[in-house]
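What follows is the content of input_15.txt, which has compact mmCIF, C-alpha atoms:
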# COMPACT_ATOMS: atom_id res chain seq x y z
CA MET O 1 44.34 113.73 143.08
CA TYR O 2 47.39 115.96 143.37
CA THR O 3 47.03 119.26 145.16
CA LEU O 4 48.76 122.41 143.96
CA PRO O 5 51.44 122.24 146.70
CA ASN O 6 52.17 118.63 145.72
CA LEU O 7 52.54 119.58 142.04
CA ILE O 8 54.92 122.41 142.92
CA CYS O 9 57.07 120.06 145.01
CA MET O 10 57.17 117.47 142.24
CA SER O 11 58.19 120.13 139.69
CA LEU O 12 60.99 121.30 141.93
CA LEU O 13 62.13 117.71 142.43
CA VAL O 14 62.23 117.01 138.67
CA ALA O 15 64.12 120.23 138.01
CA SER O 16 66.64 119.28 140.67
CA ILE O 17 67.16 115.82 139.15
CA VAL O 18 67.64 117.26 135.64
CA SER O 19 70.14 119.85 136.82
CA CYS O 20 72.19 117.30 138.76
CA GLY O 21 71.80 114.33 136.47
CA GLY O 22 74.57 115.40 134.09
CA SER O 23 72.77 114.05 131.04
CA SER O 24 74.84 116.24 128.69
CA GLY O 25 78.21 115.17 130.13
CA ALA O 26 79.66 118.58 129.37
CA THR O 27 82.18 120.17 131.69
CA PRO O 28 81.07 123.59 132.96
CA GLY O 29 82.56 126.30 130.78
CA GLN O 30 83.42 123.85 127.98
CA GLN O 31 81.67 122.66 124.84
CA ASN O 32 81.71 119.06 123.73
CA PRO O 33 83.33 118.51 120.32
CA PRO O 34 80.84 118.02 117.49
CA PRO O 35 80.10 114.39 116.63
CA PRO O 36 81.85 113.03 113.52
CA ALA O 37 79.92 113.45 110.29
CA ALA O 38 78.82 110.21 108.64
CA GLY O 39 80.90 109.36 105.59
CA LEU O 40 83.68 111.83 106.39
CA VAL O 41 87.02 111.71 108.14
CA THR O 42 88.35 115.05 109.32
CA GLY O 43 91.26 116.26 111.38
CA THR O 44 94.24 118.57 111.73
CA VAL O 45 98.00 118.27 111.36
CA LYS O 46 100.31 120.30 113.58
CA ASP O 47 103.98 120.42 114.51
CA GLN O 48 105.26 119.88 118.03
CA ALA O 49 104.77 123.57 118.85
CA GLY O 50 101.11 123.38 117.84
CA ASN O 51 101.50 125.25 114.55
CA PRO O 52 99.26 124.07 111.68
CA LEU O 53 100.97 122.42 108.71
CA LYS O 54 99.83 123.06 105.15
CA ASN O 55 99.97 120.62 102.19
CA VAL O 56 100.46 117.49 104.30
CA GLU O 57 99.27 114.45 102.35
CA ILE O 58 96.40 112.51 103.99
CA ILE O 59 95.63 109.00 102.74
CA ALA O 60 92.51 106.98 103.55
CA ASP O 61 93.09 103.33 102.62
CA ASN O 62 90.08 101.01 102.50
CA THR O 63 90.91 97.89 104.50
CA ALA O 64 88.71 95.57 102.40
CA TYR O 65 89.57 96.62 98.84
CA TYR O 66 93.12 96.51 97.48
CA ASN O 67 94.61 99.82 96.37
CA THR O 68 91.41 101.74 97.05
CA ASN O 69 92.49 105.10 98.45
CA VAL O 70 91.15 108.58 98.99
CA ILE O 71 93.89 111.22 99.06
CA GLY O 72 93.74 114.85 100.15
CA TYR O 73 95.91 117.63 101.59
CA THR O 74 95.71 119.95 104.57
CA ASP O 75 94.78 123.60 104.08
CA ALA O 76 96.46 126.70 105.55
CA GLN O 77 94.91 125.92 108.95
CA GLY O 78 96.31 122.38 108.86
CA ALA O 79 92.81 120.93 108.44
CA TYR O 80 91.56 118.26 106.05
CA LYS O 81 88.32 116.48 105.12
CA LEU O 82 87.98 113.27 103.10
CA ASP O 83 84.85 111.54 101.83
CA ILE O 84 85.07 107.85 102.83
CA SER O 85 81.42 106.94 102.25
CA ARG O 86 82.21 104.70 99.24
CA PRO O 87 83.04 101.87 99.07
CA ALA O 88 81.58 100.67 102.35
CA GLY O 89 83.90 99.45 105.07
CA THR O 90 86.61 100.71 107.36
CA TRP O 91 89.53 102.94 106.44
CA ASN O 92 93.10 103.28 107.70
CA ILE O 93 94.13 106.95 107.85
CA THR O 94 97.79 107.97 107.45
CA ALA O 95 99.63 111.26 106.86
CA ASN O 96 102.90 112.14 105.14
CA GLN O 97 104.91 115.33 105.38
CA LYS O 98 106.88 115.80 102.17
CA LEU O 99 110.49 117.00 102.26
CA THR O 100 112.70 117.82 99.29
CA TYR O 101 116.32 116.69 99.36
CA LYS O 102 118.72 116.86 96.42
CA GLY O 103 115.81 117.30 94.02
CA LYS O 104 113.90 114.26 95.32
CA THR O 105 110.74 114.14 97.42
CA ILE O 106 110.88 112.12 100.63
CA ASP O 107 107.73 111.10 102.48
CA VAL O 108 107.92 111.42 106.26
CA PRO O 109 105.15 109.40 107.95
CA LEU O 110 103.49 111.29 110.80
CA GLU O 111 102.19 109.90 114.05
CA ALA O 112 98.44 109.72 114.59
CA GLU O 113 96.88 110.66 117.91
CA ASP O 114 94.45 107.78 117.34
CA GLU O 115 95.58 104.86 115.13
CA ARG O 116 92.23 103.03 115.00
CA VAL O 117 90.53 102.53 111.63
CA VAL O 118 87.55 104.72 110.80
CA SER O 119 84.14 103.41 109.78
CA GLY O 120 82.95 104.93 106.53
CA THR O 121 79.39 104.73 107.77
CA GLU O 122 80.01 106.57 111.03
CA GLY O 123 82.91 108.83 110.05
CA GLY O 124 85.51 110.04 112.51
CA THR O 125 88.33 112.41 113.42
CA ARG O 126 92.04 111.62 113.14
CA ASN O 127 94.65 114.23 114.06
CA PHE O 128 98.40 114.00 113.38
CA ILE O 129 101.58 115.49 114.85
CA TYR O 130 104.81 116.09 112.94
CA ARG O 131 107.59 114.96 115.27
CA PRO O 132 110.47 112.45 115.34
CA GLY O 133 109.12 108.90 115.17
CA THR O 134 109.25 106.78 118.31
CA GLY O 135 109.78 103.42 116.58
CA PRO O 136 113.19 101.68 116.40
CA TYR O 137 113.95 103.35 113.06
CA GLY O 138 112.15 106.65 113.60
CA ASN O 139 110.63 108.41 110.59
CA LEU O 140 113.51 110.58 109.32
CA GLY O 141 117.03 109.87 108.11
CA LEU O 142 119.27 107.14 109.47
CA VAL O 143 123.01 107.20 110.11
CA VAL O 144 124.20 103.59 109.96
CA VAL O 145 127.64 102.71 111.35
CA ASP O 146 129.72 99.58 110.67
CA ALA O 147 133.21 98.58 111.72
CA THR O 148 135.43 97.97 108.72
CA THR O 149 136.93 94.58 107.99
CA GLY O 150 140.10 94.11 109.99
CA SER O 151 139.17 96.68 112.61
CA TYR O 152 137.16 95.80 115.68
CA PRO O 153 135.99 98.87 117.62
CA ASP O 154 133.22 98.15 120.10
CA LEU O 155 130.27 99.86 118.41
CA SER O 156 128.30 99.89 121.67
CA LYS O 157 130.84 102.43 122.94
CA VAL O 158 131.10 104.52 119.77
CA SER O 159 129.68 108.03 119.69
CA VAL O 160 129.08 110.02 116.49
CA HIS O 161 129.04 113.81 116.23
CA LEU O 162 127.17 115.42 113.33
CA LYS O 163 127.38 119.12 112.45
CA SER O 164 125.13 120.35 109.63
CA ILE O 165 126.58 122.19 106.65
CA GLY O 166 124.16 124.63 105.03
CA ALA O 167 120.38 124.32 105.22
CA LEU O 168 118.77 120.95 105.89
CA ALA O 169 115.70 119.59 104.11
CA ASP O 170 113.32 121.22 106.60
CA GLY O 171 115.02 124.61 106.29
CA THR O 172 116.86 124.46 109.62
CA SER O 173 120.60 125.09 109.94
CA ASN O 174 123.40 125.07 112.51
CA VAL O 175 122.25 121.69 113.81
CA GLU O 176 124.59 119.57 115.93
CA ILE O 177 123.91 116.02 117.07
CA SER O 178 126.07 113.93 119.40
CA SER O 179 124.74 110.44 119.90
CA GLU O 180 125.71 106.95 120.84
CA LEU O 181 124.56 104.14 118.56
CA THR O 182 121.47 101.97 118.96
CA GLN O 183 121.57 98.34 117.90
CA THR O 184 118.72 97.22 115.61
CA GLY O 185 118.01 94.31 113.31
CA SER O 186 119.66 96.35 110.55
CA GLY O 187 122.81 97.19 112.49
CA TRP O 188 124.02 100.03 114.68
CA LEU O 189 122.51 103.41 113.89
CA ILE O 190 121.26 106.85 114.85
CA LYS O 191 117.62 107.56 113.95
CA ASN O 192 115.64 110.74 113.22
CA VAL O 193 118.45 112.72 111.58
CA MET O 194 117.15 115.46 109.29
CA TYR O 195 118.22 115.05 105.67
CA GLY O 196 121.16 117.19 104.61
CA THR O 197 124.94 117.43 104.55
CA TYR O 198 126.98 116.96 107.73
CA GLU O 199 130.52 117.08 109.01
CA VAL O 200 131.02 113.76 110.78
CA GLU O 201 133.36 112.65 113.57
CA ALA O 202 133.37 109.45 115.64
CA THR O 203 134.95 108.55 118.96
CA LEU O 204 135.42 105.42 121.05
CA ASP O 205 135.57 106.06 124.80
CA GLY O 206 136.40 109.65 123.93
CA GLN O 207 139.25 108.76 121.57
CA PRO O 208 138.92 109.78 117.89
CA LEU O 209 138.31 107.10 115.29
CA TYR O 210 139.03 107.12 111.59
CA VAL O 211 135.80 107.42 109.63
CA ARG O 212 134.66 107.29 106.02
CA GLN O 213 131.39 107.18 104.13
CA LYS O 214 130.89 103.55 103.20
CA PRO O 215 132.03 102.93 99.61
CA ASN O 216 130.11 100.83 97.14
CA SER O 217 133.29 99.06 96.12
CA GLY O 218 137.04 99.24 96.52
CA SER O 219 139.23 100.04 99.52
CA LEU O 220 139.31 103.68 100.43
CA PRO O 221 141.84 104.77 103.05
CA TYR O 222 140.88 105.70 106.58
CA ASN O 223 143.05 108.77 106.65
CA GLU O 224 140.46 111.21 108.02
CA MET O 225 139.04 111.73 111.48
CA ALA O 226 136.46 114.21 110.17
CA ILE O 227 134.61 113.87 106.86
CA VAL O 228 131.73 115.49 105.01
CA ALA O 229 128.88 113.04 104.36
CA GLU O 230 125.54 113.20 102.56
CA PHE O 231 122.47 110.99 102.53
CA THR O 232 122.31 108.46 99.70
CA ASP O 233 119.83 105.84 98.52
CA GLY O 234 119.32 103.24 101.24
CA GLY O 235 119.23 100.45 98.66
CA PHE O 236 117.90 97.01 99.56
CA ASN O 237 118.21 97.37 103.34
CA PHE O 238 116.48 100.74 103.82
CA THR O 239 113.50 102.34 102.14
CA ARG O 240 114.72 105.88 102.80
CA PRO O 241 117.99 107.78 102.27
CA VAL O 242 120.75 106.97 104.77
CA ILE O 243 124.31 107.95 105.64
CA GLN O 244 126.34 104.75 105.82
CA LEU O 245 129.62 105.07 107.70
CA GLU O 246 132.53 102.80 108.49
CA VAL O 247 134.83 103.43 111.44
CA SER O 248 138.28 102.10 112.16
CA ASP O 249 140.98 102.45 114.81
CA SER O 250 143.62 102.44 112.05
CA PRO O 251 144.12 104.65 108.98
CA CYS O 252 144.72 101.49 106.93
CA PRO O 253 143.78 98.12 108.48
CA GLU O 254 146.42 95.44 107.83
CA ILE O 255 143.93 93.23 106.00
CA PHE O 256 144.05 95.63 103.07
CA ARG O 257 146.97 95.04 100.74
CA GLU O 258 147.05 98.71 99.98
CA CYS O 259 145.04 101.81 100.63
CA LYS O 260 144.33 103.70 97.48

Would you write out, as structure tokens, the structure that this file holds?
Amino acid sequence: MYTLPNLICMSLLVASIVSCGGSSGATPGQQNPPPPAAGLVTGTVKDQAGNPLKNVEIIADNTAYYNTNVIGYTDAQGAYKLDISRPAGTWNITANQKLTYKGKTIDVPLEAEDERVVSGTEGGTRNFIYRPGTGPYGNLGLVVVDATTGSYPDLSKVSVHLKSIGALADGTSNVEISSELTQTGSGWLIKNVMYGTYEVEATLDGQPLYVRQKPNSGSLPYNEMAIVAEFTDGGFNFTRPVIQLEVSDSPCPEIFRECK
């Protein structure tokens, strides 16, 4: 039989174990985030400065059923909530910021903080950040540079300077970019350039090159060392608008019979 002193000691011992056992796992002064709600995926979309982004498109794509999507948009606080309870299975969650350029809408895929699929049974949280993509082609516009036929500048040593003219697709202005080229499976390029109109110059080892926006056909002269270029349809090689440039060390390479 336990005596009263023994019971008091045991009570104090249990209280001590509970207080030190850390069963809640919470950090003092902090609250654990609420568990995900079954059948729902929620999250927020913010820019690099932490500001919420409104009207970002969120797509939940069921991994088992073809073309089975749930689509929603973020509110003024950058938050969203999608019901992914039906059909059963897992869902891939993606987000697109929409930009308007020359009357057309361009989807800019955003990076997820967690790229794992979400179980429709358990639910989950997926947050996104609007920032330049880290992949080889980024997630914004591309400036693609080729050497023209008959001219052989070393593109690994070419630098391109871009100076924006007017407002860009995201509303920014007075943007200047100076960048060397990166070699990819689709050629030499600069990634993550905001859509808009730019004054373009190119140099090789600091020496100016002749430059032109790549023509669809014909032989345009290389008589300019600074041009104005705009993004155009990327065609077969690119799924987004691009600026395609050609550079030359001559105003009219000898291979051309004439420069029109």

All residues 12 Å or closer to Asp170 of chain O, all atoms listed in the file, same chain fewer than 6 positions away omitted, as a short mmCIF file (atom, residue, chain, number, x, y, z; two decimals) with C-alpha atoms, in the frame of the given file:
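Saved file selection.cif follows:
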data_model
loop_
_atom_site.label_atom_id
_atom_site.label_comp_id
_atom_site.auth_asym_id
_atom_site.auth_seq_id
_atom_site.Cartn_x
_atom_site.Cartn_y
_atom_site.Cartn_z
CA GLN O 97 104.91 115.33 105.38
CA LYS O 98 106.88 115.80 102.17
CA LEU O 99 110.49 117.00 102.26
CA THR O 100 112.70 117.82 99.29
CA TYR O 101 116.32 116.69 99.36
CA THR O 105 110.74 114.14 97.42
CA ILE O 106 110.88 112.12 100.63
CA VAL O 108 107.92 111.42 106.26
CA TYR O 130 104.81 116.09 112.94
CA LEU O 140 113.51 110.58 109.32
CA VAL O 193 118.45 112.72 111.58
CA MET O 194 117.15 115.46 109.29
CA TYR O 195 118.22 115.05 105.67
CA GLY O 196 121.16 117.19 104.61
#

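The neighbours of Pro52 of chain O here are the residues that come within 6 Å of it, using only C-alpha atoms and leaving out any residue fewer than 5 positions away in the same chain; they are O:Val45, O:Lys46, O:Gln77, O:Gly78.
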
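Distance-wise, atom CA of Ser179 of chain O and atom CA of Ala202 of chain O end up 9.7 Å apart.
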
- [ ] Provide the atom CA of Val242 of chain O to atom CA of Val144 of chain O distance in Å, to one decimal place.
- [x] 7.1 Å

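Picture a line from atom CA of Ile165 of chain O to atom CA of Gly206 of chain O; it runs 23.5 Å.
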
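Within 8 Å of the point (140.6, 105.6, 116.5), and counting only C-alpha atoms, the protein, DNA and RNA residues are O:Thr203, O:Leu204, O:Gln207, O:Pro208, O:Leu209, O:Tyr210, O:Val247, O:Ser248, O:Asp249, O:Ser250.
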
TODO: Fewer than 2 positions away in the same chain doesn't count, so skip those; otherwise give me all residues within 12 Å of Pro87 of chain O, counting all atoms listed in the file, as a list in words.
DONE: Gly39, Ala60, Asp61, Asn62, Thr63, Ala64, Tyr65, Tyr66, Thr68, Asn69, Val70, Asp83, Ile84, Ser85, Gly89, Thr90, Trp91, Ser119, Gly120 and Thr121 of chain O

Open item on the list: Ranking O:Arg126, O:Leu142, O:Gly166, O:Ala147 by minimum distance to Gly234 of chain O and counting only C-alpha atoms, which one comes first?
Closed with: O:Leu142

Task: Shell around segment 110-116 of chain O at 8 Å using all atoms listed in the file, local window under 4 positions removed, as a PyMOL selection string - done: chain O and resi 92-97+126-131+133+139

Convert the current residue selection to file output with C-alpha atoms, as a compact mmCIF listing (two decimals), in the coordinates of the input.
# COMPACT_ATOMS: atom_id res chain seq x y z
CA ASN O 92 93.10 103.28 107.70
CA ILE O 93 94.13 106.95 107.85
CA THR O 94 97.79 107.97 107.45
CA ALA O 95 99.63 111.26 106.86
CA ASN O 96 102.90 112.14 105.14
CA GLN O 97 104.91 115.33 105.38
CA ARG O 126 92.04 111.62 113.14
CA ASN O 127 94.65 114.23 114.06
CA PHE O 128 98.40 114.00 113.38
CA ILE O 129 101.58 115.49 114.85
CA TYR O 130 104.81 116.09 112.94
CA ARG O 131 107.59 114.96 115.27
CA GLY O 133 109.12 108.90 115.17
CA ASN O 139 110.63 108.41 110.59

- [ ] Can you work out which one of O:Val211, O:Leu53, O:Thr172, O:Gly103 has the shortest atom-to-atom distance to Ser151 of chain O, counting only C-alpha atoms?
- [x] O:Val211

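Comparing O:Pro109, O:Ala38, O:Val117, O:Lys163 by their smallest distance to Ile58 of chain O, the closest is O:Pro109 (using only C-alpha atoms).
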
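Proximity ranking of O:Glu199, O:Ile190, O:His161, O:Gln48 relative to Ile177 of chain O places O:His161 first, based on only C-alpha atoms.
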
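Nearest residue to Arg240 of chain O among O:Glu201, O:Asp107, O:Gly123, O:Ala167 is O:Asp107, counting only C-alpha atoms.
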